[in-house]
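Colleague: Sharing a structure below in structure tokens format, with a few things to ask.
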Amino acid sequence: MVDSTFEYIGSAEGFKIGYVQCYSWDKKNSPLNNLNLRKWLRYKFYRGLQKSNFEVINSFFPLSLSGVKKFTLNFEVQKPSFNKFKIITHTLNAGSKLKENANLKSIPEVFDAALKNIGEDADIDVQQIKYDEHMEIEKVMDLAINGTGIEAEEFIDTVRFMFLSKHGINLPDSTGRILDELKKVSPDIDIINREIWDQAIIWPIRHYSKGFWFKKDSKINYNQINLNIPSIDFQFIKWE
């Protein structure tokens, strides 16, 4: 839908976070209650991304934040024993493509294929349904792909908001170790990052930036917008 009459204006900092969330991890009758199974399903999902030549960044927090370290990916996860089960997840809208990109996979198509890969060569029935914004996603979905953002300058406050605020994204903590760390005056972001990884409820995918496509000949003045913060304050967009 975008042609040469548009220009892209966005952040280059990569403070947006794409991730998969396991919503049924805390239900005793759910297979996702099993930590080893969650780790194996994460491995299957990542293998699906690799098939599309999509590079996984396995750190939840952006690597440019002070104290954040990248982990070594393990693609030798042992398959646990389990009975056949069903996973409910969602489909992703591929959107429109330019003609020259018609034969290339879009990001939603890559993610969609990776979700399907979870059920390949395994006794897992992956059922994808169309997401409705009126759904209570935690009650309907077992797995869903989400996105959030972090404030780079005050990132510890952002992390506290992610885990502690009812108005945040309500990230889970199955062991309580993250919440204990956040009680400290100076929490260690690397400890929190590693705990997120070890719990395998949140599967990091990628860090990215977001922005806007503007008509080159429009009267919009965007020079005062700070595109590095999670929420864009639109009052700074001017019309000349």
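Chain identifiers are assigned as A, B, and so on, following the order in which chains appear in the structure tokens; residues are numbered from 1 within each chain, and ligands are numbered from 1 in order of appearance.
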List the neighbours of A:Asp26 out to 9 Å using only C-alpha atoms; skip same-chain residues closer than 5 positions along the sequence, and give me the result as a PyMOL selection string.
Modeller: chain A and resi 32-33+174
Colleague: Those residues with C-alpha atoms, as a short mmCIF file (atom, residue, chain, number, x, y, z; two decimals), in the first residue's frame please?
Modeller:
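Wrote it out as part-v9.cif, contents follow:
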data_model
loop_
_atom_site.label_atom_id
_atom_site.label_comp_id
_atom_site.auth_asym_id
_atom_site.auth_seq_id
_atom_site.Cartn_x
_atom_site.Cartn_y
_atom_site.Cartn_z
CA LEU A 32 1.69 -25.74 29.25
CA ASN A 33 1.82 -26.04 33.04
CA SER A 174 6.03 -18.38 38.11
#
Colleague: Could you make a table, as a tab-separated table, of the residues of stretch 145-227 of chain A that have an atom within 7 Å of an atom of stretch 54-74 of chain A, each with its nearest atom pair and distance in Å to one decimal, counting only C-alpha atoms, in chain and number order?
Modeller:
residue	atom	partner	partner_atom	distance
A:Ala152	CA	A:Leu65	CA	7.0
A:Ile189	CA	A:Gly67	CA	6.1
A:Asp190	CA	A:Val68	CA	5.1
A:Asn193	CA	A:Phe60	CA	6.3
A:Pro204	CA	A:Phe60	CA	4.9
A:Ile205	CA	A:Val56	CA	5.4
A:Arg206	CA	A:Ile57	CA	5.1
A:His207	CA	A:Pro62	CA	6.2
Colleague: So that I have them on file, write out the residues from the current selection with N, CA, C and O atoms, as a PDB file, in the first residue's frame.
Modeller:
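As a result, result18.pdb now contains:
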ATOM      1  N   ALA A 152      13.830   3.558  27.415  1.00  0.00           N
ATOM      2  CA  ALA A 152      15.260   3.303  27.569  1.00  0.00           C
ATOM      3  C   ALA A 152      15.876   4.063  28.746  1.00  0.00           C
ATOM      4  O   ALA A 152      16.720   3.535  29.468  1.00  0.00           O
ATOM      5  N   ILE A 189      18.957  -6.151  36.037  1.00  0.00           N
ATOM      6  CA  ILE A 189      18.162  -6.422  34.840  1.00  0.00           C
ATOM      7  C   ILE A 189      18.539  -7.756  34.201  1.00  0.00           C
ATOM      8  O   ILE A 189      17.701  -8.444  33.610  1.00  0.00           O
ATOM      9  N   ASP A 190      19.797  -8.163  34.346  1.00  0.00           N
ATOM     10  CA  ASP A 190      20.238  -9.426  33.757  1.00  0.00           C
ATOM     11  C   ASP A 190      19.617 -10.614  34.488  1.00  0.00           C
ATOM     12  O   ASP A 190      19.248 -11.610  33.862  1.00  0.00           O
ATOM     13  N   ASN A 193      16.094 -10.826  33.270  1.00  0.00           N
ATOM     14  CA  ASN A 193      16.093 -11.306  31.889  1.00  0.00           C
ATOM     15  C   ASN A 193      16.288 -12.828  31.839  1.00  0.00           C
ATOM     16  O   ASN A 193      15.601 -13.545  31.099  1.00  0.00           O
ATOM     17  N   PRO A 204      10.995 -14.692  23.900  1.00  0.00           N
ATOM     18  CA  PRO A 204      11.435 -13.512  23.129  1.00  0.00           C
ATOM     19  C   PRO A 204      11.597 -13.852  21.652  1.00  0.00           C
ATOM     20  O   PRO A 204      12.030 -14.955  21.300  1.00  0.00           O
ATOM     21  N   ILE A 205      11.246 -12.900  20.809  1.00  0.00           N
ATOM     22  CA  ILE A 205      11.410 -13.094  19.365  1.00  0.00           C
ATOM     23  C   ILE A 205      12.404 -12.097  18.787  1.00  0.00           C
ATOM     24  O   ILE A 205      13.421 -12.462  18.217  1.00  0.00           O
ATOM     25  N   ARG A 206      12.112 -10.825  18.952  1.00  0.00           N
ATOM     26  CA  ARG A 206      12.912  -9.810  18.258  1.00  0.00           C
ATOM     27  C   ARG A 206      12.710  -8.448  18.897  1.00  0.00           C
ATOM     28  O   ARG A 206      11.680  -8.180  19.513  1.00  0.00           O
ATOM     29  N   HIS A 207      13.679  -7.576  18.736  1.00  0.00           N
ATOM     30  CA  HIS A 207      13.526  -6.165  19.093  1.00  0.00           C
ATOM     31  C   HIS A 207      13.392  -5.383  17.801  1.00  0.00           C
ATOM     32  O   HIS A 207      14.048  -5.699  16.811  1.00  0.00           O
TER      33      HIS A 207
END
Colleague: If you run DSSP on this backbone, which residues of stretch 14-238 of chain A come out as alpha helix (DSSP H), and could you give them as an NGL selection string?
Modeller: :A and (35-51 or 107-117 or 137-140 or 155-164 or 177-182 or 189-199)
Colleague: By how many Å are atom CA of A:Gly211 and atom CA of A:Ile150 apart?
Modeller: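 Interatomic distance here is 15.0 Å.
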Colleague: I'd like the contact shell of A:Lys27 - 12 Å cut-off, only C-alpha atoms, skipping same-chain residues fewer than 4 positions apart - returned as a ChimeraX atom specification.
Modeller: /A:22-23,31-34,138-139,142,174
Colleague: Compile the contact shell of stretch 158-172 of chain A as a ChimeraX atom specification: residues with an atom at most 12 Å away, counting only C-alpha atoms, same-chain residues fewer than 3 positions apart removed.
Modeller: /A:15,19-26,60-61,138,146-155,175-190,192-193,195-197,199-203,229-230
Colleague: Can I get the selected residues back with C-alpha atoms, as a short mmCIF file (atom, residue, chain, number, x, y, z; two decimals), in the first residue's frame?
Modeller:
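Saved file again.cif follows:
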data_model
loop_
_atom_site.label_atom_id
_atom_site.label_comp_id
_atom_site.auth_asym_id
_atom_site.auth_seq_id
_atom_site.Cartn_x
_atom_site.Cartn_y
_atom_site.Cartn_z
CA PHE A 15 13.11 -0.56 21.98
CA TYR A 19 7.39 -12.10 22.10
CA VAL A 20 5.15 -15.14 22.48
CA GLN A 21 3.20 -15.49 25.70
CA CYS A 22 1.94 -18.79 27.13
CA TYR A 23 -1.38 -17.91 28.71
CA SER A 24 -2.35 -21.31 30.12
CA TRP A 25 0.91 -21.95 31.99
CA ASP A 26 -0.79 -21.60 35.40
CA PHE A 60 13.53 -10.32 26.23
CA PHE A 61 15.13 -6.95 26.95
CA GLU A 138 -5.90 -15.20 28.61
CA ASN A 146 2.44 -9.92 21.55
CA GLY A 147 4.44 -6.73 21.41
CA THR A 148 5.40 -4.09 23.93
CA GLY A 149 7.93 -1.31 24.36
CA ILE A 150 10.41 -0.13 26.95
CA GLU A 151 11.48 3.34 28.00
CA ALA A 152 15.26 3.30 27.57
CA GLU A 153 16.10 6.12 29.97
CA GLU A 154 13.96 4.77 32.84
CA PHE A 155 13.91 1.11 31.91
CA THR A 175 8.77 -18.51 40.75
CA GLY A 176 8.46 -15.10 42.42
CA ARG A 177 12.16 -14.42 41.85
CA ILE A 178 11.49 -11.55 39.45
CA LEU A 179 9.15 -9.83 41.89
CA ASP A 180 11.74 -10.25 44.68
CA GLU A 181 14.40 -8.68 42.46
CA LEU A 182 12.11 -5.76 41.61
CA LYS A 183 11.68 -5.00 45.33
CA LYS A 184 15.34 -4.03 45.49
CA VAL A 185 16.43 -0.41 45.19
CA SER A 186 18.66 -1.32 42.23
CA PRO A 187 17.33 -4.48 40.56
CA ASP A 188 19.69 -6.48 38.33
CA ILE A 189 18.16 -6.42 34.84
CA ASP A 190 20.24 -9.43 33.76
CA ILE A 192 15.30 -10.64 35.54
CA ASN A 193 16.09 -11.31 31.89
CA GLU A 195 14.56 -15.64 34.87
CA ILE A 196 12.14 -14.72 32.08
CA TRP A 197 14.10 -17.08 29.82
CA GLN A 199 10.55 -19.83 33.10
CA ALA A 200 9.76 -20.20 29.36
CA ILE A 201 6.36 -18.51 29.71
CA ILE A 202 7.54 -15.56 27.63
CA TRP A 203 9.44 -16.49 24.45
CA ILE A 229 9.46 6.25 23.68
CA PRO A 230 6.87 3.44 23.81
#
Colleague: Which one of A:Glu120, A:Phe82, A:Leu49, A:Glu7 sits closest to A:Leu37 if you count only C-alpha atoms?
Modeller: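 Residue with the minimum atom-to-atom distance to A:Leu37: A:Phe82.
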Colleague: To one decimal in Å, tell me the separation between atom CA of A:Tyr8 and atom CA of A:Ala113.
Modeller: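 A separation of 27.5 Å between them.
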Colleague: Taking the chain letters and numbering used in this document, name the residues of stretch 119-238 of chain A that DSSP puts in strand (DSSP E or B), as a PDB file with C-alpha atoms, in the first residue's frame.
Modeller:
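Saved the output as selection_17.pdb:
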ATOM      1  CA  ILE A 124      -0.034 -31.646  19.049  1.00  0.00           C
ATOM      2  CA  ASP A 125      -3.130 -30.222  17.418  1.00  0.00           C
ATOM      3  CA  VAL A 126      -2.407 -26.533  16.779  1.00  0.00           C
ATOM      4  CA  GLN A 127      -5.705 -24.747  16.203  1.00  0.00           C
ATOM      5  CA  GLN A 128      -5.491 -21.176  14.955  1.00  0.00           C
ATOM      6  CA  ILE A 129      -8.484 -18.921  15.424  1.00  0.00           C
ATOM      7  CA  LEU A 143      -0.249 -19.053  22.947  1.00  0.00           C
ATOM      8  CA  ALA A 144      -0.279 -15.599  21.393  1.00  0.00           C
ATOM      9  CA  ILE A 145       2.267 -13.287  19.802  1.00  0.00           C
ATOM     10  CA  ASN A 146       2.442  -9.920  21.545  1.00  0.00           C
ATOM     11  CA  GLY A 147       4.438  -6.728  21.410  1.00  0.00           C
ATOM     12  CA  THR A 148       5.395  -4.087  23.929  1.00  0.00           C
ATOM     13  CA  GLY A 149       7.932  -1.309  24.360  1.00  0.00           C
ATOM     14  CA  ILE A 202       7.537 -15.559  27.634  1.00  0.00           C
ATOM     15  CA  TRP A 203       9.436 -16.487  24.454  1.00  0.00           C
ATOM     16  CA  PRO A 204      11.435 -13.512  23.129  1.00  0.00           C
ATOM     17  CA  ILE A 205      11.410 -13.094  19.365  1.00  0.00           C
ATOM     18  CA  ARG A 206      12.912  -9.810  18.258  1.00  0.00           C
ATOM     19  CA  HIS A 207      13.526  -6.165  19.093  1.00  0.00           C
ATOM     20  CA  TYR A 208      12.272  -3.683  16.565  1.00  0.00           C
ATOM     21  CA  GLY A 211       7.248   4.572  13.029  1.00  0.00           C
ATOM     22  CA  PHE A 212       4.977   6.131  10.450  1.00  0.00           C
ATOM     23  CA  TRP A 213       4.721   6.465   6.697  1.00  0.00           C
ATOM     24  CA  PHE A 214       4.184  10.100   5.724  1.00  0.00           C
ATOM     25  CA  LYS A 215       3.277  11.501   2.347  1.00  0.00           C
ATOM     26  CA  ILE A 220       2.654  17.331   8.527  1.00  0.00           C
ATOM     27  CA  ASN A 221       5.605  18.451  10.655  1.00  0.00           C
ATOM     28  CA  LYS A 238       1.993  19.742  13.722  1.00  0.00           C
TER      29      LYS A 238
END
Colleague: So, counting only C-alpha atoms, which residue among A:Lys210, A:Lys28, A:Arg47, A:Lys219 is closest to A:Ile118?
Modeller: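 Smallest separation from A:Ile118 among the options: A:Arg47.
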Colleague: So how many Å separate atom CA of A:Pro80 and atom CA of A:Ser52, to one decimal?
Modeller: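 Atom CA of A:Ser52 lies at a distance of 25.4 Å from atom CA of A:Pro80.
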Colleague: So, counting only C-alpha atoms, which residue among A:Arg194, A:Glu240, A:Val140, A:Ile225 is closest to A:Ile9?
Modeller: A:Ile225
Colleague: Considering only C-alpha atoms, can you say which of A:Asp3, A:Lys86, A:Asp112, A:Ala122 comes closest to A:Trp40?
Modeller: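 For A:Trp40, the nearest of the given residues is A:Ala122.
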Colleague: Hey, which of A:Lys116, A:Ile156, A:Gly10, A:Met135 ends up closest to A:Tyr222? Count only C-alpha atoms.
Modeller: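 That would be A:Gly10, the residue with the smallest distance to A:Tyr222.
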